[in-house]
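**Student:** Shown below is the structure under consideration.
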Protein chains: 2
Amino acid sequence: MINKKKTTIKDIASVLNISPAAVSKALHDDSRISTKTKEAVKKVAKELNYQPNHLASALRRGKSNLVGVIVPRTNSNFFSSVIQNIEEVLNKEGYNIIITQSNESYKKECSNIDTLLFTQVDGIIASMANETISLDYYEKVKSKGIPLILFDRGENDLNVDYIGINDYESSQMIVEHLVEQGCKRIAHIGGYRRTRIFNNRIKGYVDALKKYDLPLDESLLIESSLTLEDGRDKMMQLLNLKNRPDAVYVAGDYAALGALQILNENNINIPNDIALIGFGNEPFTAMVTPTITSISQHSTEIGKLAALTFLERVNNPEIKQTLNKKILDAELIVRDSSNVKKL
Amino acid sequence: MINKKKTTIKDIASVLNISPAAVSKALHDDSRISTKTKEAVKKVAKELNYQPNHLASALRRGKSNLVGVIVPRTNSNFFSSVIQNIEEVLNKEGYNIIITQSNESYKKECSNIDTLLFTQVDGIIASMANETISLDYYEKVKSKGIPLILFDRGENDLNVDYIGINDYESSQMIVEHLVEQGCKRIAHIGGYRRTRIFNNRIKGYVDALKKYDLPLDESLLIESSLTLEDGRDKMMQLLNLKNRPDAVYVAGDYAALGALQILNENNINIPNDIALIGFGNEPFTAMVTPTITSISQHSTEIGKLAALTFLERVNNPEIKQTLNKKILDAELIVRDSSNVKKL
DNA sequence: AACGTTTAAGCAATCGCTTTCAAGTAAATA
DNA sequence: TATTTACTTGAAAGCGATTGCTTAAACGTT
């Protein structure tokens, strides 16, 4: 039968007639061990198919080399791309990641945090659920003294690292672009105001209108959960206005898709009757008809930066955790849904 | 300052003047401990904000309560849904999952396996990368004696558990449906033959043609990587035939989307000129114009079954690992791209 | 020749928790 | 009263790897 007993450093030690301690040191290229012994140890280790017991070393060193990642869902191009880049950077440094999903639920997010703390992760990188308002649980993480890095959804007053894009500026770019297309009545289906990033997008929208001398019509500024369904509802609401908008900027791609469906179903010409812009640059924005203009959030950079920020923290525990915002510039990807000239 | 020293069972023990052993037992509701002591222990544990050290108990018990999951990518509705359901079932049983992505690369998949073994996972649930042919690495997992469960991509000769849908039958359903729509020249853009599931789809397609007395035209049966790009290329290839097909069944939704783009770009009426069917029921199939008929793979059930299968294995280690296929029936979701009658 | 320095490896204590076995106490039985 | 029996708890031995402290030998230096 197959040998199921795992080989330990003790086994290697007894083969070579040296102590387990020497084996451990040899495997870590400790300078106190001779090259000859090191080679012998490594050779035997390979022969016995030795696999270090991560749990034991983690216990001893008080480090699990595991990093927890919390995202609202993995089923989104943005998050899965962020995750992939976090993983790439951290794997190189010997860390593994544990991914958990909150499904936009605060309760699930809390239990995720518990799970991760229970697993003795060395740090947590998270993007908060839409629902999340209370920060108790994140305070808990902070109080454990392990690095906490937030991205995208998570700008906050927790005094921890944050990585995101410039939402305010993004809104400005969008409005500017729409104005260039000749739009005068620009609506905004925004996210929940209590979420910082959505609030920033709203602020950017409002200020941009002011900048271009466009009146702010309260009926054109709508708060939404930004799901596909709600995008449909809110778009319908806009269509029912006596004075319809000539452009709609939706703060999320899924909701933008819902809006697009309503427009198509009502045979409204996009972008000539109403131009449409989303946010997030999900792949489907380039797949639907017409393709949807959107904002790219630089998921690659965000992921890498988040990972690097964690590494910085974990390698310099003496530096006190403080607010450290890294804000990236976003990019407007112009597609058919807002490209009036082209049509 | 915040108390960063973690409380251990020793701390609780010393507060109550009992032994750490008693505390351990009390926390596990061991019958040998009096109710009074248990209550006292739990109260103190809460007061001291005790969090069990997972590493220590895992080391001691030789179980990490971690399950590794390997998927080609999380950025797909199918996989992310499977993952979510695996997580749901396993969390209830006290397991956490570590998700890794292979990005369809065999090399990455191997390193993922190494990572997971290193992390001392109690089992691995995986769907193999497209590239994966050699099974050495999975043999390695098997030889470690930890449960290995494969799903979707992974039907194999490894003699391990496998959960998937009935690909052969799915193809039959698709062809049957197309025949009902009046199609006579049905093309199939299939996946790589070496991958069992794609081969099964091809077989189902071929046999179904026979069943309905349709001739098998080799130029209508194409092997593809099933990426969006390749879907475009292969669709183009079909359009260039002297004798075009009147229906195309694509073995993957992304490639089907590519095909749809080409058809739209060439102003070919879907489904009247050419009907189109995908596979996987990715959300975007319901978002594009026209919506794409596709096969739902019951990701929910697959995830749950995979998790339950793992639990069965891990709770009955005495039962030898054997081939144990669980094949679910798939469901055809008819949409505009193949609904001739409706238009 | 005497002593300090390097180099190479071992010893033993931990990390925090679990588990077996024995022991102590109280209650029950003979 | 003596002996079981049941019930609680404690002591101690690890799980496997790491690490500070020693030791022992080899090497140099006056």
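Naming works like this for the structure tokens: A, B, ... for the chains as they're shown, residue 1 at the start of each chain, ligands 1 onward in shown order.
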Should the cut-off be 8 Å, what would the residue list for chain B against chain A look like, counting only C-alpha atoms, as number ranges by chain?
**Tutor:** B: 2-4, 51-56, 58-59, 64, 74-77, 80-81, 84, 96-99, 101, 115, 118-120, 143-145, 257, 284, 287-289
**Student:** What are the residues of chain A that have an atom within 8 Å of an atom of chain C, counting only C-alpha atoms (C1' of nucleotides), as an MDAnalysis selection string?
**Tutor:** chainID A and resid 18:19 21:22 32:34 59:62
**Student:** Please dump the current selection as a short mmCIF file (atom, residue, chain, number, x, y, z; two decimals), in the first residue's frame; keep N, CA and C atoms.
**Tutor:**
```
data_model
loop_
_atom_site.label_atom_id
_atom_site.label_comp_id
_atom_site.auth_asym_id
_atom_site.auth_seq_id
_atom_site.Cartn_x
_atom_site.Cartn_y
_atom_site.Cartn_z
N ILE A 18 21.46 12.77 12.63
CA ILE A 18 21.66 14.10 13.19
C ILE A 18 20.38 14.50 13.92
N SER A 19 20.38 15.65 14.52
CA SER A 19 19.20 16.05 15.29
C SER A 19 18.16 16.72 14.39
N ALA A 21 16.73 19.36 14.93
CA ALA A 21 17.04 20.79 14.87
C ALA A 21 17.97 21.08 13.70
N ALA A 22 18.94 20.24 13.54
CA ALA A 22 19.89 20.44 12.45
C ALA A 22 19.17 20.37 11.11
N ARG A 32 24.59 28.21 10.18
CA ARG A 32 25.30 27.40 11.17
C ARG A 32 25.42 25.94 10.75
N ILE A 33 24.89 25.63 9.60
CA ILE A 33 24.96 24.25 9.14
C ILE A 33 25.91 24.17 7.94
N SER A 34 26.71 23.13 7.92
CA SER A 34 27.69 23.01 6.84
C SER A 34 27.01 22.67 5.51
N LEU A 59 2.40 27.38 14.04
CA LEU A 59 2.14 27.46 15.47
C LEU A 59 3.37 27.99 16.20
N ARG A 60 4.48 27.39 15.85
CA ARG A 60 5.71 27.76 16.53
C ARG A 60 6.08 29.23 16.30
N ARG A 61 5.90 29.66 15.06
CA ARG A 61 6.34 31.00 14.74
C ARG A 61 5.25 32.05 14.94
N GLY A 62 4.08 31.58 15.28
CA GLY A 62 2.99 32.53 15.47
C GLY A 62 2.56 33.21 14.19
#
```
**Student:** For chain D, list the residues within 7 Å of chain A, counting only C-alpha atoms (C1' of nucleotides), and write the list as a compact mmCIF listing (two decimals) with all heavy atoms, in the first residue's frame.
**Tutor:**
```txt
# COMPACT_ATOMS: atom_id res chain seq x y z
P DG D 16 3.52 14.29 13.81
OP1 DG D 16 2.90 13.79 12.60
OP2 DG D 16 4.32 13.40 14.67
O5' DG D 16 4.44 15.54 13.44
C5' DG D 16 3.93 16.49 12.52
C4' DG D 16 4.80 17.73 12.58
O4' DG D 16 4.78 18.26 13.92
C3' DG D 16 6.27 17.50 12.23
O3' DG D 16 6.54 18.32 11.12
C2' DG D 16 7.04 17.90 13.49
C1' DG D 16 6.05 18.82 14.20
N9 DG D 16 6.15 18.87 15.64
C8 DG D 16 6.44 17.83 16.49
N7 DG D 16 6.45 18.20 17.75
C5 DG D 16 6.15 19.55 17.73
C6 DG D 16 6.03 20.49 18.79
O6 DG D 16 6.16 20.28 19.99
N1 DG D 16 5.71 21.76 18.33
C2 DG D 16 5.54 22.08 17.01
N2 DG D 16 5.24 23.35 16.74
N3 DG D 16 5.65 21.22 16.00
C4 DG D 16 5.96 19.98 16.43
P DA D 17 7.96 18.62 10.59
OP1 DA D 17 7.86 18.86 9.16
OP2 DA D 17 8.89 17.62 11.13
O5' DA D 17 8.22 20.02 11.29
C5' DA D 17 7.32 21.06 10.98
C4' DA D 17 7.75 22.34 11.65
O4' DA D 17 7.70 22.17 13.08
C3' DA D 17 9.17 22.81 11.32
O3' DA D 17 9.10 24.19 11.03
C2' DA D 17 9.96 22.52 12.59
C1' DA D 17 8.89 22.63 13.67
N9 DA D 17 9.11 21.77 14.83
C8 DA D 17 9.34 20.42 14.85
N7 DA D 17 9.46 19.91 16.05
C5 DA D 17 9.29 21.01 16.89
C6 DA D 17 9.29 21.14 18.29
N6 DA D 17 9.48 20.11 19.12
N1 DA D 17 9.11 22.36 18.81
C2 DA D 17 8.91 23.39 17.96
N3 DA D 17 8.87 23.39 16.63
C4 DA D 17 9.07 22.16 16.15
P DT D 18 10.35 25.00 10.59
OP1 DT D 18 9.88 26.02 9.64
OP2 DT D 18 11.42 24.06 10.20
O5' DT D 18 10.78 25.75 11.92
C5' DT D 18 9.84 26.64 12.50
C4' DT D 18 10.39 27.17 13.79
O4' DT D 18 10.54 26.11 14.76
C3' DT D 18 11.76 27.87 13.71
O3' DT D 18 11.58 29.13 14.32
C2' DT D 18 12.69 26.95 14.50
C1' DT D 18 11.73 26.33 15.50
N1 DT D 18 12.06 25.01 16.09
C2 DT D 18 12.07 24.92 17.47
O2 DT D 18 11.86 25.87 18.20
N3 DT D 18 12.33 23.65 17.94
C4 DT D 18 12.57 22.52 17.21
O4 DT D 18 12.77 21.45 17.77
C5 DT D 18 12.55 22.68 15.78
C7 DT D 18 12.80 21.51 14.89
C6 DT D 18 12.30 23.91 15.29
```
**Student:** Counting only C-alpha atoms, figure out which residue out of B:Ile202, B:Ile262, B:Ile292, B:Ile149 gets nearest to B:Ile333.
**Tutor:**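 The answer is B:Ile292, which sits nearest to B:Ile333.
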**Student:** Taking only stretch 164-225 of chain B into account, list the residues labelled alpha helix (DSSP H) by DSSP (computed from the backbone), as a ChimeraX atom specification.
**Tutor:** /B:167-180,196-211
**Student:** Can you pull out every residue within 7 Å of stretch 245-254 of chain A, counting only C-alpha atoms (C1' of nucleotides), but drop anything in the same chain fewer than 5 positions away, and send it as a list in words?
**Tutor:** Cys183, Lys184, Arg185, Ile186, Ala187, His188, Ile189, Gly190, Gly191, Leu226, Thr227, Leu228, Asp273, Ile274, Ala275, Leu276, Ile277, Gly278, Phe279, Gly280, Asn281 and Glu282 of chain A
**Student:** Next, dump the selected residues to file, keeping only N, CA and C atoms, as a compact mmCIF listing (two decimals), in the first residue's frame.
**Tutor:**
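Saved the output as part29.txt:
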```
# COMPACT_ATOMS: atom_id res chain seq x y z
N CYS A 183 -25.23 66.43 -24.50
CA CYS A 183 -26.32 66.15 -23.56
C CYS A 183 -26.50 67.32 -22.60
N LYS A 184 -27.78 67.56 -22.27
CA LYS A 184 -28.09 68.72 -21.41
C LYS A 184 -28.79 68.27 -20.12
N ARG A 185 -29.55 67.19 -20.21
CA ARG A 185 -30.26 66.70 -19.03
C ARG A 185 -29.68 65.34 -18.64
N ILE A 186 -28.72 65.41 -17.79
CA ILE A 186 -28.00 64.18 -17.43
C ILE A 186 -28.51 63.64 -16.10
N ALA A 187 -29.05 62.42 -16.14
CA ALA A 187 -29.54 61.80 -14.91
C ALA A 187 -28.45 60.95 -14.28
N HIS A 188 -28.60 60.69 -13.00
CA HIS A 188 -27.63 59.82 -12.32
C HIS A 188 -28.36 58.81 -11.44
N ILE A 189 -28.24 57.54 -11.80
CA ILE A 189 -28.74 56.48 -10.92
C ILE A 189 -27.55 56.06 -10.08
N GLY A 190 -27.54 56.54 -8.84
CA GLY A 190 -26.37 56.32 -7.99
C GLY A 190 -26.58 55.21 -6.99
N GLY A 191 -25.51 54.88 -6.29
CA GLY A 191 -25.60 53.86 -5.25
C GLY A 191 -26.06 54.49 -3.94
N LEU A 226 -28.43 49.29 -7.17
CA LEU A 226 -27.55 49.00 -8.31
C LEU A 226 -27.56 47.55 -8.77
N THR A 227 -28.60 46.83 -8.44
CA THR A 227 -28.73 45.50 -9.03
C THR A 227 -29.33 45.67 -10.42
N LEU A 228 -29.30 44.61 -11.20
CA LEU A 228 -29.87 44.68 -12.54
C LEU A 228 -31.34 45.05 -12.46
N ASP A 273 -31.30 59.26 -28.50
CA ASP A 273 -32.37 59.76 -27.64
C ASP A 273 -31.84 59.91 -26.21
N ILE A 274 -31.29 58.83 -25.75
CA ILE A 274 -30.73 58.85 -24.40
C ILE A 274 -29.37 58.12 -24.43
N ALA A 275 -28.36 58.81 -23.96
CA ALA A 275 -27.04 58.18 -23.87
C ALA A 275 -26.94 57.46 -22.53
N LEU A 276 -26.09 56.43 -22.49
CA LEU A 276 -26.02 55.63 -21.26
C LEU A 276 -24.56 55.36 -20.89
N ILE A 277 -24.27 55.50 -19.62
CA ILE A 277 -22.91 55.21 -19.16
C ILE A 277 -22.97 54.41 -17.86
N GLY A 278 -22.15 53.39 -17.79
CA GLY A 278 -22.10 52.55 -16.59
C GLY A 278 -20.84 52.80 -15.78
N PHE A 279 -20.56 51.87 -14.90
CA PHE A 279 -19.38 52.04 -14.05
C PHE A 279 -18.84 50.66 -13.68
N GLY A 280 -17.58 50.41 -13.96
CA GLY A 280 -16.96 49.15 -13.56
C GLY A 280 -16.32 48.39 -14.70
N ASN A 281 -16.75 48.70 -15.91
CA ASN A 281 -16.18 48.04 -17.07
C ASN A 281 -16.23 46.52 -16.99
N GLU A 282 -17.36 46.01 -16.58
CA GLU A 282 -17.55 44.56 -16.59
C GLU A 282 -17.50 44.09 -18.04
```
**Student:** Quick one: residues within 7 Å of B:Asp167, only C-alpha atoms (C1' of nucleotides) counted, chain neighbours fewer than 4 positions away excluded, as number ranges by chain?
**Tutor:** B: 171, 197, 200-201
**Student:** Keeping all heavy atoms for every residue in the selection just given, could you write it to a file as a PDB file, in the first residue's frame?
**Tutor:**
```pdb
ATOM      1  N   SER B 171     -26.284  17.194 -25.156  1.00  0.00           N
ATOM      2  CA  SER B 171     -26.142  17.378 -26.599  1.00  0.00           C
ATOM      3  C   SER B 171     -27.375  16.851 -27.323  1.00  0.00           C
ATOM      4  O   SER B 171     -27.873  17.463 -28.271  1.00  0.00           O
ATOM      5  CB  SER B 171     -24.909  16.637 -27.114  1.00  0.00           C
ATOM      6  OG  SER B 171     -23.742  17.353 -26.815  1.00  0.00           O
ATOM      7  N   ILE B 197     -15.475  15.702 -20.896  1.00  0.00           N
ATOM      8  CA  ILE B 197     -16.822  16.272 -21.020  1.00  0.00           C
ATOM      9  C   ILE B 197     -17.085  16.783 -22.426  1.00  0.00           C
ATOM     10  O   ILE B 197     -18.176  16.636 -22.956  1.00  0.00           O
ATOM     11  CB  ILE B 197     -17.084  17.401 -20.000  1.00  0.00           C
ATOM     12  CG1 ILE B 197     -16.096  18.540 -20.163  1.00  0.00           C
ATOM     13  CG2 ILE B 197     -17.079  16.875 -18.588  1.00  0.00           C
ATOM     14  CD1 ILE B 197     -16.482  19.762 -19.334  1.00  0.00           C
ATOM     15  N   ASN B 200     -17.712  13.936 -24.691  1.00  0.00           N
ATOM     16  CA  ASN B 200     -19.070  13.413 -24.507  1.00  0.00           C
ATOM     17  C   ASN B 200     -20.100  14.263 -25.232  1.00  0.00           C
ATOM     18  O   ASN B 200     -21.064  13.749 -25.787  1.00  0.00           O
ATOM     19  CB  ASN B 200     -19.414  13.350 -23.018  1.00  0.00           C
ATOM     20  CG  ASN B 200     -18.709  12.201 -22.328  1.00  0.00           C
ATOM     21  OD1 ASN B 200     -18.220  11.285 -22.998  1.00  0.00           O
ATOM     22  ND2 ASN B 200     -18.626  12.253 -21.006  1.00  0.00           N
ATOM     23  N   ARG B 201     -19.875  15.564 -25.230  1.00  0.00           N
ATOM     24  CA  ARG B 201     -20.815  16.434 -25.921  1.00  0.00           C
ATOM     25  C   ARG B 201     -20.761  16.146 -27.424  1.00  0.00           C
ATOM     26  O   ARG B 201     -21.791  16.142 -28.103  1.00  0.00           O
ATOM     27  CB  ARG B 201     -20.490  17.911 -25.655  1.00  0.00           C
ATOM     28  CG  ARG B 201     -20.777  18.288 -24.214  1.00  0.00           C
ATOM     29  CD  ARG B 201     -20.496  19.731 -23.874  1.00  0.00           C
ATOM     30  NE  ARG B 201     -20.353  19.856 -22.413  1.00  0.00           N
ATOM     31  CZ  ARG B 201     -19.958  20.957 -21.777  1.00  0.00           C
ATOM     32  NH1 ARG B 201     -19.665  22.059 -22.457  1.00  0.00           N
ATOM     33  NH2 ARG B 201     -19.867  20.965 -20.472  1.00  0.00           N
TER      34      ARG B 201
END
```
**Student:** Give the strand (DSSP E or B) residues of stretch 72-274 of chain B, as DSSP finds them on the backbone, and put them as a PyMOL selection string.
**Tutor:** chain B and resi 96-101+123-126+148-151+161-165+186-190+221-223+247-250
**Student:** At what distance in Å, to one decimal, does atom CA of A:Arg196 lie from atom CA of A:Ile302?
**Tutor:**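 Atom CA of A:Arg196 lies 17.4 Å from atom CA of A:Ile302.
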**Student:** What is the distance between atom CA of A:Ile113 and atom CA of A:Val67, in Å to one decimal?
**Tutor:**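 Calculated distance between atom CA of A:Ile113 and atom CA of A:Val67 is 11.6 Å.
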**Student:** Expressed in Å to a single decimal, how great is the separation between atom CA of A:Leu178 and atom CA of A:Tyr212?
**Tutor:**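 About the pair atom CA of A:Leu178 and atom CA of A:Tyr212: they are 10.8 Å apart.
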**Student:** Excluding A:Ala26 and its own-chain neighbours fewer than 6 positions away, which residues fall within 8 Å of it when counting only C-alpha atoms (C1' of nucleotides)? Please give them as a ChimeraX atom specification.
**Tutor:** /A:33,37-38,41-42
**Student:** Generate a file of the selected residues that holds C-alpha atoms, formatted as a PDB file, in the first residue's frame.
**Tutor:**
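And here's selection_9.pdb as it stands now:
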```
ATOM      1  CA  ILE A  33      24.960  24.247   9.144  1.00  0.00           C
ATOM      2  CA  THR A  37      25.030  18.477   5.732  1.00  0.00           C
ATOM      3  CA  LYS A  38      22.626  20.779   4.004  1.00  0.00           C
ATOM      4  CA  VAL A  41      19.473  16.762   4.271  1.00  0.00           C
ATOM      5  CA  LYS A  42      17.925  18.123   1.129  1.00  0.00           C
TER       6      LYS A  42
END
```
